[in-house]
Amino acid sequence: MNKKIILVTAIALATFVAIPIFAQTESLSKIIATADKLIAQRVLSLNNLSTRITNAKKITDEQKKPLLSSIQNQITQLNNLKAKIDADKDVATAKADTKSIADSLRIYALIMPQIQIIGASDRVMATAENLARVQLKMQARIDVLKTKTDTTALQQYSDDLKAKIADANAQAVAAITEVSNLVPDNGVKTVQQSNTATLKSARNKLKIATEDLTAARKDAGNILKALKEATKKIIPGTTKPTK
Amino acid sequence: MSTSQIIIWIIVAILVITGIWGLWWYASIRDIPERAKPIPVTVQKKTPPPAKPVIGDTSDKAIDSVLTTIDAQIKALNTDTAGIDQNLK
């Protein structure tokens, strides 16, 4: 009887000791796995951004250099953090390290939108350049038509198109300037708020630039349509271009 | 006046004229050094005319082709801004 009681008590004690140890081990491995996943997502996003900035057409090499360096720096920090988390032995440290992925590095809150805004601004400028090419081509045709027909409406569209292109470019340059010098807040709330406000302001500039480009594209479509019709009237049966 | 006298007068006149010219030439290179130096010539550099923008092919087809590229760029730009909005939520 006594042996049975001793055996049951021993099993009960062993279970009470083993369960928390097992639970902690399982919890630690889960935290590490989650952290690794979060880090892998961020490294992938940063690598994509790096490629995007490398291939950007309108921003200069001087502008690219600090951005690429910043991205590389973030990737290095993430890899170092991953190595630390993988080596963590207790849940509390692993949790704290995992929290720092979001808190101190600010990949999604700052770095990514910052570089996305610069990348999008570069695209705005490249699009504006193409629209300017189209505007020049169409203006040449309007100039030829001026001696033959009334081109007042066409000229208005062309002038509007030109103004929209200029504004889109100005907005893109302003957006790049605004976000270029932002730095991680490192947990300082006022810096965080200031960064967010700046990013939103730059985003708003991009919104205006996109609206400009969309309106300019619409103008270009209207001009081309009118040019085709005017050319048909002057040279019946053809839409022969003016070279 | 005999012929020989006329010839002598001509020779004397030639010698006098040559002497005066020689003295003038010597004075010109000795006393006025500035004149021996080459006179600097300022060449007005012409400002090159501003480069004319390249217009290229103005046909409907060429314009349509660029417009197609622009449409794709604006579409990509909308995707870019959607991505930014997602991170700025």
# chains A, B, ... in the order shown; residues from 1 in each chain; ligands from 1
>>> residues_around(residues="region 83-87 of chain B", least_positions_apart="2", cutoff="12 Å", atoms="only C-alpha atoms", output="NGL selection string")
(:A and (45 or 49 or 106-121 or 196 or 199-204 or 206-207)) or (:B and (76-81 or 89))
>>> write_last_selection(atoms="C-alpha atoms", output="PDB file, in the first residue's frame")
ATOM      1  CA  SER A  45      10.081  43.078 -48.595  1.00  0.00           C
ATOM      2  CA  LEU A  49      12.468  47.471 -52.334  1.00  0.00           C
ATOM      3  CA  ARG A 106      10.076  50.047 -37.765  1.00  0.00           C
ATOM      4  CA  ILE A 107      10.326  48.270 -41.114  1.00  0.00           C
ATOM      5  CA  TYR A 108       6.633  48.505 -41.987  1.00  0.00           C
ATOM      6  CA  ALA A 109       5.927  51.695 -40.068  1.00  0.00           C
ATOM      7  CA  LEU A 110       8.768  53.779 -41.494  1.00  0.00           C
ATOM      8  CA  ILE A 111      11.371  52.205 -43.756  1.00  0.00           C
ATOM      9  CA  MET A 112       8.993  50.532 -46.204  1.00  0.00           C
ATOM     10  CA  PRO A 113       6.556  53.423 -46.694  1.00  0.00           C
ATOM     11  CA  GLN A 114       9.509  55.818 -46.874  1.00  0.00           C
ATOM     12  CA  ILE A 115      11.163  53.885 -49.687  1.00  0.00           C
ATOM     13  CA  GLN A 116       7.841  53.028 -51.329  1.00  0.00           C
ATOM     14  CA  ILE A 117       7.081  56.764 -51.509  1.00  0.00           C
ATOM     15  CA  ILE A 118      10.457  57.442 -53.109  1.00  0.00           C
ATOM     16  CA  GLY A 119       9.944  54.570 -55.558  1.00  0.00           C
ATOM     17  CA  ALA A 120       6.440  55.771 -56.448  1.00  0.00           C
ATOM     18  CA  SER A 121       7.736  59.327 -56.881  1.00  0.00           C
ATOM     19  CA  THR A 196       3.816  59.306 -39.519  1.00  0.00           C
ATOM     20  CA  LEU A 199       4.812  60.089 -44.461  1.00  0.00           C
ATOM     21  CA  LYS A 200       1.111  60.922 -44.753  1.00  0.00           C
ATOM     22  CA  SER A 201       1.909  64.378 -46.128  1.00  0.00           C
ATOM     23  CA  ALA A 202       4.232  62.866 -48.747  1.00  0.00           C
ATOM     24  CA  ARG A 203       1.589  60.261 -49.546  1.00  0.00           C
ATOM     25  CA  ASN A 204      -0.867  63.098 -50.111  1.00  0.00           C
ATOM     26  CA  LEU A 206       1.755  61.417 -54.424  1.00  0.00           C
ATOM     27  CA  LYS A 207      -2.036  61.313 -54.522  1.00  0.00           C
TER      28      LYS A 207
ATOM     29  CA  ALA B  76       1.531  50.428 -61.518  1.00  0.00           C
ATOM     30  CA  LEU B  77       1.489  53.750 -59.692  1.00  0.00           C
ATOM     31  CA  ASN B  78      -1.959  52.973 -58.289  1.00  0.00           C
ATOM     32  CA  THR B  79      -0.596  49.628 -57.055  1.00  0.00           C
ATOM     33  CA  ASP B  80       2.357  51.466 -55.472  1.00  0.00           C
ATOM     34  CA  THR B  81       0.114  53.891 -53.611  1.00  0.00           C
ATOM     35  CA  LYS B  89      -2.907  52.498 -41.935  1.00  0.00           C
TER      36      LYS B  89
END
>>> interface_residues(of="chain B", to="chain A", cutoff="7 Å", atoms="only C-alpha atoms", output="JSON, numbers by chain")
{"B": [55, 57, 58, 59, 60, 63, 66, 70, 73, 77, 80, 84, 87, 88]}
>>> select_by_dssp(residues="region 74-228 of chain A", states="alpha helix (DSSP H)", output="number ranges by chain")
A: 74-87, 91-103, 112-145, 152-179, 189-228
>>> residues_around(residues="Leu105 (chain A)", least_positions_apart="2", cutoff="10 Å", atoms="only C-alpha atoms", output="VMD selection string")
chain A and resid 74 to 75 77 to 78 99 to 103 107 to 111 184 to 187
>>> atom_distance(atom1="CA of Asp219 (chain A)", atom2="CA of Ile165 (chain A)")
11.0 Å
>>> atom_distance(atom1="CA of Ile176 (chain A)", atom2="CA of Lys75 (chain B)")
20.4 Å
>>> decode(residues="chain B", atoms="C-alpha atoms", output="PDB file, in the first residue's frame")
ATOM      1  CA  MET B   1      72.214 117.820-116.362  1.00  0.00           C
ATOM      2  CA  SER B   2      73.870 114.780-117.836  1.00  0.00           C
ATOM      3  CA  THR B   3      72.448 111.263-117.749  1.00  0.00           C
ATOM      4  CA  SER B   4      75.096 110.093-115.320  1.00  0.00           C
ATOM      5  CA  GLN B   5      74.170 112.927-112.930  1.00  0.00           C
ATOM      6  CA  ILE B   6      70.486 111.937-113.086  1.00  0.00           C
ATOM      7  CA  ILE B   7      71.390 108.303-112.291  1.00  0.00           C
ATOM      8  CA  ILE B   8      73.503 109.444-109.315  1.00  0.00           C
ATOM      9  CA  TRP B   9      70.584 111.597-107.992  1.00  0.00           C
ATOM     10  CA  ILE B  10      68.215 108.645-108.318  1.00  0.00           C
ATOM     11  CA  ILE B  11      70.626 106.385-106.441  1.00  0.00           C
ATOM     12  CA  VAL B  12      71.046 109.041-103.721  1.00  0.00           C
ATOM     13  CA  ALA B  13      67.246 109.426-103.443  1.00  0.00           C
ATOM     14  CA  ILE B  14      66.828 105.650-103.133  1.00  0.00           C
ATOM     15  CA  LEU B  15      69.499 105.495-100.446  1.00  0.00           C
ATOM     16  CA  VAL B  16      67.916 108.389 -98.506  1.00  0.00           C
ATOM     17  CA  ILE B  17      64.429 106.850 -98.691  1.00  0.00           C
ATOM     18  CA  THR B  18      65.775 103.416 -97.671  1.00  0.00           C
ATOM     19  CA  GLY B  19      67.695 105.017 -94.791  1.00  0.00           C
ATOM     20  CA  ILE B  20      64.655 106.900 -93.511  1.00  0.00           C
ATOM     21  CA  TRP B  21      62.512 103.752 -93.738  1.00  0.00           C
ATOM     22  CA  GLY B  22      65.248 101.767 -91.932  1.00  0.00           C
ATOM     23  CA  LEU B  23      65.382 104.326 -89.116  1.00  0.00           C
ATOM     24  CA  TRP B  24      61.584 104.325 -88.818  1.00  0.00           C
ATOM     25  CA  TRP B  25      61.513 100.514 -88.688  1.00  0.00           C
ATOM     26  CA  TYR B  26      64.277 100.407 -86.073  1.00  0.00           C
ATOM     27  CA  ALA B  27      62.491 102.994 -83.939  1.00  0.00           C
ATOM     28  CA  SER B  28      59.258 101.108 -84.212  1.00  0.00           C
ATOM     29  CA  ILE B  29      60.691  97.884 -82.753  1.00  0.00           C
ATOM     30  CA  ARG B  30      63.031  99.506 -80.220  1.00  0.00           C
ATOM     31  CA  ASP B  31      61.149 102.407 -78.686  1.00  0.00           C
ATOM     32  CA  ILE B  32      57.619 101.055 -78.686  1.00  0.00           C
ATOM     33  CA  PRO B  33      57.896  97.527 -77.248  1.00  0.00           C
ATOM     34  CA  GLU B  34      54.136  97.265 -76.893  1.00  0.00           C
ATOM     35  CA  ARG B  35      53.828  97.173 -80.622  1.00  0.00           C
ATOM     36  CA  ALA B  36      56.195  94.217 -80.845  1.00  0.00           C
ATOM     37  CA  LYS B  37      53.868  92.173 -78.765  1.00  0.00           C
ATOM     38  CA  PRO B  38      51.050  90.346 -80.451  1.00  0.00           C
ATOM     39  CA  ILE B  39      47.782  92.162 -80.009  1.00  0.00           C
ATOM     40  CA  PRO B  40      45.424  89.922 -78.070  1.00  0.00           C
ATOM     41  CA  VAL B  41      42.408  89.046 -80.065  1.00  0.00           C
ATOM     42  CA  THR B  42      39.227  88.421 -78.167  1.00  0.00           C
ATOM     43  CA  VAL B  43      37.123  85.835 -79.854  1.00  0.00           C
ATOM     44  CA  GLN B  44      33.514  86.120 -78.903  1.00  0.00           C
ATOM     45  CA  LYS B  45      32.402  82.603 -78.089  1.00  0.00           C
ATOM     46  CA  LYS B  46      29.046  81.865 -79.501  1.00  0.00           C
ATOM     47  CA  THR B  47      26.543  80.497 -77.003  1.00  0.00           C
ATOM     48  CA  PRO B  48      25.285  77.224 -78.408  1.00  0.00           C
ATOM     49  CA  PRO B  49      21.589  77.329 -79.143  1.00  0.00           C
ATOM     50  CA  PRO B  50      19.438  75.431 -76.634  1.00  0.00           C
ATOM     51  CA  ALA B  51      19.012  71.797 -77.588  1.00  0.00           C
ATOM     52  CA  LYS B  52      15.802  71.288 -79.407  1.00  0.00           C
ATOM     53  CA  PRO B  53      13.558  68.703 -77.754  1.00  0.00           C
ATOM     54  CA  VAL B  54      13.381  65.513 -79.732  1.00  0.00           C
ATOM     55  CA  ILE B  55       9.867  65.191 -81.068  1.00  0.00           C
ATOM     56  CA  GLY B  56      10.399  62.159 -83.276  1.00  0.00           C
ATOM     57  CA  ASP B  57       7.546  60.340 -84.935  1.00  0.00           C
ATOM     58  CA  THR B  58       4.264  62.235 -84.495  1.00  0.00           C
ATOM     59  CA  SER B  59       2.021  59.625 -86.091  1.00  0.00           C
ATOM     60  CA  ASP B  60      -1.118  58.315 -84.361  1.00  0.00           C
ATOM     61  CA  LYS B  61       0.608  54.967 -83.981  1.00  0.00           C
ATOM     62  CA  ALA B  62       3.662  56.446 -82.249  1.00  0.00           C
ATOM     63  CA  ILE B  63       1.499  58.500 -79.879  1.00  0.00           C
ATOM     64  CA  ASP B  64      -0.755  55.520 -79.126  1.00  0.00           C
ATOM     65  CA  SER B  65       2.307  53.432 -78.328  1.00  0.00           C
ATOM     66  CA  VAL B  66       3.572  55.916 -75.714  1.00  0.00           C
ATOM     67  CA  LEU B  67       0.054  56.278 -74.306  1.00  0.00           C
ATOM     68  CA  THR B  68      -0.107  52.508 -73.796  1.00  0.00           C
ATOM     69  CA  THR B  69       3.135  52.677 -71.801  1.00  0.00           C
ATOM     70  CA  ILE B  70       1.714  55.581 -69.785  1.00  0.00           C
ATOM     71  CA  ASP B  71      -1.453  53.595 -69.002  1.00  0.00           C
ATOM     72  CA  ALA B  72       0.674  50.743 -67.637  1.00  0.00           C
ATOM     73  CA  GLN B  73       2.736  53.196 -65.581  1.00  0.00           C
ATOM     74  CA  ILE B  74      -0.360  54.829 -64.056  1.00  0.00           C
ATOM     75  CA  LYS B  75      -1.747  51.375 -63.228  1.00  0.00           C
ATOM     76  CA  ALA B  76       1.531  50.428 -61.518  1.00  0.00           C
ATOM     77  CA  LEU B  77       1.489  53.750 -59.692  1.00  0.00           C
ATOM     78  CA  ASN B  78      -1.959  52.973 -58.289  1.00  0.00           C
ATOM     79  CA  THR B  79      -0.596  49.628 -57.055  1.00  0.00           C
ATOM     80  CA  ASP B  80       2.357  51.466 -55.472  1.00  0.00           C
ATOM     81  CA  THR B  81       0.114  53.891 -53.611  1.00  0.00           C
ATOM     82  CA  ALA B  82      -2.162  51.066 -52.421  1.00  0.00           C
ATOM     83  CA  GLY B  83       0.920  49.410 -50.912  1.00  0.00           C
ATOM     84  CA  ILE B  84       1.912  52.642 -49.186  1.00  0.00           C
ATOM     85  CA  ASP B  85      -1.609  53.086 -47.796  1.00  0.00           C
ATOM     86  CA  GLN B  86      -1.487  49.560 -46.385  1.00  0.00           C
ATOM     87  CA  ASN B  87       1.680  50.386 -44.438  1.00  0.00           C
ATOM     88  CA  LEU B  88       0.400  53.789 -43.312  1.00  0.00           C
ATOM     89  CA  LYS B  89      -2.907  52.498 -41.935  1.00  0.00           C
TER      90      LYS B  89
END
